[in-house]
Amino acid sequence: MILTGFKKALRQSLIILIFTVMIAIFFNLLRPAGIALFGFSSVNLIKQRQAQIPEISLFEAHDLYLQKKVFFVDARDPLSYEEGHIAGALNIYPDEAALHAAELKTDNYRGVLIITYCDGPQCSLSKETAYELLRQGVLEAKVLVNGWSLWIKAGYPVKKGKE
Amino acid sequence: MTMKKFHRIIVPLGSLACRLILAIIFYYAGIEKIADPGAFAIAIYNYQLLPDFAVNALAVILPWVEIIMATCFVAGFYVRGAALISSALFLTFATALTINLVRGLDISCGCFGAASGNINWFYLGRDLSFLFISIFVMIYDRRWRYLFSLRST
């Protein structure tokens, strides 16, 4: 009894679904705001979102650094980091963001702005790390474009080694 | 006697009410999503559960499933089938929601178009109560015909 009822429901639902898929695809084809059925590109979307991450100037960043209101994140590879990094910065390569996000979300970092940097005006690692951190629920992150070069040129404090 | 009355009148009427509530929810949710499929695709992508090629297809089809289901509920046509689909959808969504709540992703729910709030445990509760309603409708619904037969008995 229950089984036949369920079979009936299953048959009905299949008919509804087939009918609906046809309507949906047809409607999507006709409307001007229609989207490509299989054309979604997460790569483009991520690039767009990374471009929207706010940047910060060296002056502002250093100002906040003196007030101890920033936490620098070095997005370069570990070797470059060892050779030298902003004093107090933590090394987070983009794909390691998930490992560190939980720590950065704790109360210790409340009221502290997270600034990511890498080296060179074209370097995208800082944006990638910032994006990943934001995606993992970190509230605010900014990017210091060409951060490492600007920082050493300005003669601000740096550090060598793994820590 | 009262038990009989309960089964003959209260349950079917309750199921009718549930069915109409589901219809309103699905019409609202469906229309909001159809209005902006691109935004809904992004909401789906944000859940990080589907491969790229499935994202737009789902964004196109799912709102229409909601609309057609709602129409079935209102019309009293294929109600069991529609209730089965809606139960399956609520169950799937509950799973997707739970996964992302546990992951700690702070993303828009996408429940009622782009303007809906970010996911939280309340949404899971709401979803599960809708799931319960759908299952109830699937089991007990007697369509419109029953209302008219009430008078003659």
# chains A, B, ... in the order shown; residues from 1 in each chain; ligands from 1
$ interface_residues --of "chain A" --to "chain B" --cutoff "12 Å" --atoms "only C-alpha atoms" --output "PyMOL selection string"
chain A and resi 1-29+31-46+49+98+101-102+105+132-139
$ residues_around --residues "segment 10-16 of chain B" --least-positions-apart "2" --cutoff "12 Å" --atoms "only C-alpha atoms" --output "ChimeraX atom specification"
/B:2-8,18-23,73-76,79-80,83,132-150
$ write_last_selection --atoms "N, CA and C atoms" --output "JSON list (two decimals), in the first residue's frame"
[["chain", "number", "residue", "atom", "x", "y", "z"],
["B", 2, "THR", "N", -14.04, 10.99, 18.04],
["B", 2, "THR", "CA", -13.18, 12.15, 17.79],
["B", 2, "THR", "C", -11.97, 11.76, 16.94],
["B", 3, "MET", "N", -11.46, 10.54, 17.17],
["B", 3, "MET", "CA", -10.34, 10.08, 16.37],
["B", 3, "MET", "C", -10.73, 10.02, 14.90],
["B", 4, "LYS", "N", -11.93, 9.57, 14.68],
["B", 4, "LYS", "CA", -12.42, 9.45, 13.32],
["B", 4, "LYS", "C", -12.52, 10.83, 12.67],
["B", 5, "LYS", "N", -13.03, 11.75, 13.47],
["B", 5, "LYS", "CA", -13.16, 13.12, 12.97],
["B", 5, "LYS", "C", -11.78, 13.69, 12.65],
["B", 6, "PHE", "N", -10.84, 13.38, 13.54],
["B", 6, "PHE", "CA", -9.47, 13.85, 13.38],
["B", 6, "PHE", "C", -8.91, 13.39, 12.04],
["B", 7, "HIS", "N", -9.11, 12.10, 11.78],
["B", 7, "HIS", "CA", -8.54, 11.55, 10.55],
["B", 7, "HIS", "C", -9.29, 11.98, 9.31],
["B", 8, "ARG", "N", -10.61, 12.19, 9.46],
["B", 8, "ARG", "CA", -11.39, 12.49, 8.26],
["B", 8, "ARG", "C", -11.39, 13.97, 7.91],
["B", 18, "CYS", "N", -0.96, 23.08, 4.69],
["B", 18, "CYS", "CA", 0.49, 22.91, 4.49],
["B", 18, "CYS", "C", 0.86, 23.04, 3.02],
["B", 19, "ARG", "N", 0.04, 22.42, 2.20],
["B", 19, "ARG", "CA", 0.28, 22.42, 0.76],
["B", 19, "ARG", "C", 0.26, 23.85, 0.23],
["B", 20, "LEU", "N", -0.71, 24.63, 0.68],
["B", 20, "LEU", "CA", -0.81, 26.01, 0.20],
["B", 20, "LEU", "C", 0.34, 26.87, 0.73],
["B", 21, "ILE", "N", 0.75, 26.59, 1.97],
["B", 21, "ILE", "CA", 1.92, 27.31, 2.52],
["B", 21, "ILE", "C", 3.15, 27.02, 1.67],
["B", 22, "LEU", "N", 3.34, 25.71, 1.36],
["B", 22, "LEU", "CA", 4.49, 25.34, 0.52],
["B", 22, "LEU", "C", 4.41, 26.06, -0.82],
["B", 23, "ALA", "N", 3.19, 26.14, -1.37],
["B", 23, "ALA", "CA", 3.02, 26.78, -2.68],
["B", 23, "ALA", "C", 3.47, 28.24, -2.61],
["B", 73, "PHE", "N", 0.90, 22.18, -6.29],
["B", 73, "PHE", "CA", 0.32, 22.25, -4.95],
["B", 73, "PHE", "C", -0.99, 23.03, -4.97],
["B", 74, "VAL", "N", -1.01, 24.13, -5.68],
["B", 74, "VAL", "CA", -2.22, 24.95, -5.73],
["B", 74, "VAL", "C", -3.32, 24.21, -6.49],
["B", 75, "ALA", "N", -2.94, 23.61, -7.61],
["B", 75, "ALA", "CA", -3.94, 22.97, -8.46],
["B", 75, "ALA", "C", -4.43, 21.64, -7.89],
["B", 76, "GLY", "N", -3.66, 21.08, -6.96],
["B", 76, "GLY", "CA", -4.03, 19.77, -6.44],
["B", 76, "GLY", "C", -3.79, 18.70, -7.48],
["B", 79, "VAL", "N", 0.10, 16.05, -6.66],
["B", 79, "VAL", "CA", 0.58, 16.60, -5.38],
["B", 79, "VAL", "C", 1.64, 15.69, -4.75],
["B", 80, "ARG", "N", 1.39, 14.38, -4.81],
["B", 80, "ARG", "CA", 2.37, 13.47, -4.19],
["B", 80, "ARG", "C", 3.74, 13.61, -4.84],
["B", 83, "ALA", "N", 5.28, 16.82, -3.82],
["B", 83, "ALA", "CA", 5.71, 16.78, -2.42],
["B", 83, "ALA", "C", 6.99, 15.94, -2.28],
["B", 132, "PHE", "N", 9.57, 18.60, 6.92],
["B", 132, "PHE", "CA", 8.54, 17.89, 7.66],
["B", 132, "PHE", "C", 7.17, 18.14, 7.03],
["B", 133, "ILE", "N", 6.88, 19.38, 6.71],
["B", 133, "ILE", "CA", 5.61, 19.74, 6.08],
["B", 133, "ILE", "C", 5.44, 19.00, 4.74],
["B", 134, "SER", "N", 6.51, 18.97, 3.96],
["B", 134, "SER", "CA", 6.45, 18.30, 2.65],
["B", 134, "SER", "C", 6.12, 16.82, 2.81],
["B", 135, "ILE", "N", 6.78, 16.19, 3.77],
["B", 135, "ILE", "CA", 6.54, 14.76, 3.98],
["B", 135, "ILE", "C", 5.10, 14.53, 4.41],
["B", 136, "PHE", "N", 4.63, 15.41, 5.29],
["B", 136, "PHE", "CA", 3.25, 15.33, 5.75],
["B", 136, "PHE", "C", 2.29, 15.42, 4.56],
["B", 137, "VAL", "N", 2.53, 16.37, 3.69],
["B", 137, "VAL", "CA", 1.67, 16.55, 2.50],
["B", 137, "VAL", "C", 1.74, 15.31, 1.62],
["B", 138, "MET", "N", 2.95, 14.79, 1.44],
["B", 138, "MET", "CA", 3.12, 13.63, 0.57],
["B", 138, "MET", "C", 2.28, 12.45, 1.08],
["B", 139, "ILE", "N", 2.24, 12.28, 2.40],
["B", 139, "ILE", "CA", 1.54, 11.13, 2.94],
["B", 139, "ILE", "C", 0.03, 11.36, 3.04],
["B", 140, "TYR", "N", -0.37, 12.54, 3.47],
["B", 140, "TYR", "CA", -1.78, 12.71, 3.83],
["B", 140, "TYR", "C", -2.62, 13.51, 2.84],
["B", 141, "ASP", "N", -2.00, 14.08, 1.83],
["B", 141, "ASP", "CA", -2.82, 14.98, 1.02],
["B", 141, "ASP", "C", -3.89, 14.23, 0.23],
["B", 142, "ARG", "N", -5.09, 14.84, 0.18],
["B", 142, "ARG", "CA", -6.21, 14.21, -0.54],
["B", 142, "ARG", "C", -6.69, 15.09, -1.69],
["B", 143, "ARG", "N", -5.92, 16.05, -2.10],
["B", 143, "ARG", "CA", -6.28, 16.95, -3.20],
["B", 143, "ARG", "C", -7.55, 17.74, -2.91],
["B", 144, "TRP", "N", -8.01, 18.51, -3.88],
["B", 144, "TRP", "CA", -9.20, 19.36, -3.69],
["B", 144, "TRP", "C", -10.48, 18.52, -3.63],
["B", 145, "ARG", "N", -10.47, 17.44, -4.37],
["B", 145, "ARG", "CA", -11.68, 16.64, -4.49],
["B", 145, "ARG", "C", -12.26, 16.28, -3.13],
["B", 146, "TYR", "N", -11.36, 16.06, -2.18],
["B", 146, "TYR", "CA", -11.79, 15.64, -0.86],
["B", 146, "TYR", "C", -12.70, 16.68, -0.19],
["B", 147, "LEU", "N", -12.38, 17.94, -0.39],
["B", 147, "LEU", "CA", -13.16, 19.02, 0.22],
["B", 147, "LEU", "C", -14.60, 18.97, -0.25],
["B", 148, "PHE", "N", -14.77, 18.67, -1.54],
["B", 148, "PHE", "CA", -16.12, 18.64, -2.08],
["B", 148, "PHE", "C", -16.88, 17.39, -1.62],
["B", 149, "SER", "N", -16.13, 16.34, -1.39],
["B", 149, "SER", "CA", -16.80, 15.11, -0.94],
["B", 149, "SER", "C", -17.22, 15.21, 0.54],
["B", 150, "LEU", "N", -16.62, 16.17, 1.26],
["B", 150, "LEU", "CA", -16.94, 16.30, 2.69],
["B", 150, "LEU", "C", -18.43, 16.62, 2.88]]
$ atom_distance --atom1 "atom CA of Val102 of chain B" --atom2 "atom CA of Tyr28 of chain B"
27.9 Å
$ select_by_dssp --residues "segment 24-67 of chain A" --states "helix (DSSP H, G or I)" --output "list in words"
Ala24, Ile25, Phe26, Phe27, Asn28, Leu29, Leu30, Ser42, Val43, Asn44, Leu45, Ile46, Lys47, Gln48, Arg49, Gln50, Ala51, Leu58, Phe59, Glu60, Ala61, His62, Asp63, Leu64, Tyr65 and Leu66 of chain A
$ atom_distance --atom1 "atom CA of Gln52 of chain A" --atom2 "atom CA of Pro94 of chain A"
16.8 Å
$ closest_residue --among "B:Cys111, B:Leu97, B:Leu49, B:Leu89" --to "Leu124 of chain B" --atoms "only C-alpha atoms"
B:Leu97
$ residues_around --residues "Glu60 of chain A" --least-positions-apart "3" --cutoff "12 Å" --atoms "only C-alpha atoms" --output "tab-separated table (two decimals) with C-alpha atoms, in the first residue's frame"
chain	number	residue	atom	x	y	z
A	55	GLU	CA	44.31	47.86	-1.40
A	56	ILE	CA	46.18	49.87	1.18
A	57	SER	CA	49.01	52.33	0.69
A	63	ASP	CA	51.10	53.94	10.25
A	64	LEU	CA	48.85	51.12	11.45
A	65	TYR	CA	51.95	48.93	11.94
A	66	LEU	CA	53.35	51.45	14.41
A	67	GLN	CA	50.04	51.42	16.25
A	69	LYS	CA	46.83	47.49	14.50
A	70	VAL	CA	47.90	45.33	11.57
A	113	LEU	CA	43.64	44.60	10.08
A	115	ILE	CA	47.35	42.95	5.24
A	142	LYS	CA	43.62	44.36	2.50
A	143	VAL	CA	46.42	44.04	0.02
A	144	LEU	CA	49.65	45.99	0.02
$ closest_atom_pairs --of "segment 4-65 of chain A" --to "segment 150-160 of chain A" --cutoff "10 Å" --atoms "only C-alpha atoms" --output "Markdown table"
| residue | atom | partner | partner_atom | distance |
| --- | --- | --- | --- | --- |
| A:Ser57 | CA | A:Leu150 | CA | 9.9 |
| A:Leu58 | CA | A:Leu150 | CA | 7.1 |
| A:Phe59 | CA | A:Ala154 | CA | 9.8 |
| A:Ala61 | CA | A:Trp151 | CA | 9.8 |
| A:His62 | CA | A:Tyr156 | CA | 8.2 |
$ select_by_dssp --residues "segment 60-124 of chain A" --states "strand (DSSP E)" --output "VMD selection string"
chain A and resid 70 to 74 85 to 86 90 to 91 113 to 117
$ write_last_selection --atoms "N, CA and C atoms" --output "short mmCIF file (atom, residue, chain, number, x, y, z; two decimals), in the first residue's frame"
data_model
loop_
_atom_site.label_atom_id
_atom_site.label_comp_id
_atom_site.auth_asym_id
_atom_site.auth_seq_id
_atom_site.Cartn_x
_atom_site.Cartn_y
_atom_site.Cartn_z
N VAL A 70 47.92 46.18 12.77
CA VAL A 70 47.90 45.33 11.57
C VAL A 70 48.59 44.01 11.86
N PHE A 71 48.23 43.05 11.06
CA PHE A 71 48.94 41.79 11.08
C PHE A 71 49.32 41.49 9.64
N PHE A 72 50.62 41.45 9.38
CA PHE A 72 51.05 41.22 8.00
C PHE A 72 51.07 39.73 7.67
N VAL A 73 50.62 39.43 6.48
CA VAL A 73 50.66 38.07 5.99
C VAL A 73 51.50 38.05 4.72
N ASP A 74 52.58 37.30 4.77
CA ASP A 74 53.47 37.18 3.63
C ASP A 74 52.97 36.04 2.74
N HIS A 85 61.47 39.01 5.57
CA HIS A 85 60.05 39.39 5.51
C HIS A 85 59.80 40.53 6.47
N ILE A 86 58.64 41.14 6.36
CA ILE A 86 58.27 42.20 7.29
C ILE A 86 58.28 41.63 8.70
N LEU A 90 53.42 36.68 9.10
CA LEU A 90 53.26 35.23 9.06
C LEU A 90 53.23 34.79 7.61
N ASN A 91 53.85 33.68 7.30
CA ASN A 91 53.89 33.20 5.92
C ASN A 91 52.66 32.34 5.62
N LEU A 113 43.84 44.71 11.53
CA LEU A 113 43.64 44.60 10.08
C LEU A 113 44.66 43.62 9.50
N ILE A 114 44.19 42.71 8.69
CA ILE A 114 45.11 41.77 8.07
C ILE A 114 45.54 42.32 6.71
N ILE A 115 46.84 42.44 6.52
CA ILE A 115 47.35 42.95 5.24
C ILE A 115 48.24 41.89 4.60
N THR A 116 47.90 41.52 3.39
CA THR A 116 48.72 40.54 2.69
C THR A 116 49.64 41.27 1.72
N TYR A 117 50.80 40.67 1.49
CA TYR A 117 51.70 41.28 0.50
C TYR A 117 52.50 40.19 -0.18
#
$ closest_residue --among "A:Val112, A:Leu30, A:Leu104, A:Ala51" --to "Ile92 of chain A" --atoms "only C-alpha atoms"
A:Leu104
$ atom_distance --atom1 "atom CA of Gln50 of chain A" --atom2 "atom CA of Gly113 of chain B"
23.5 Å
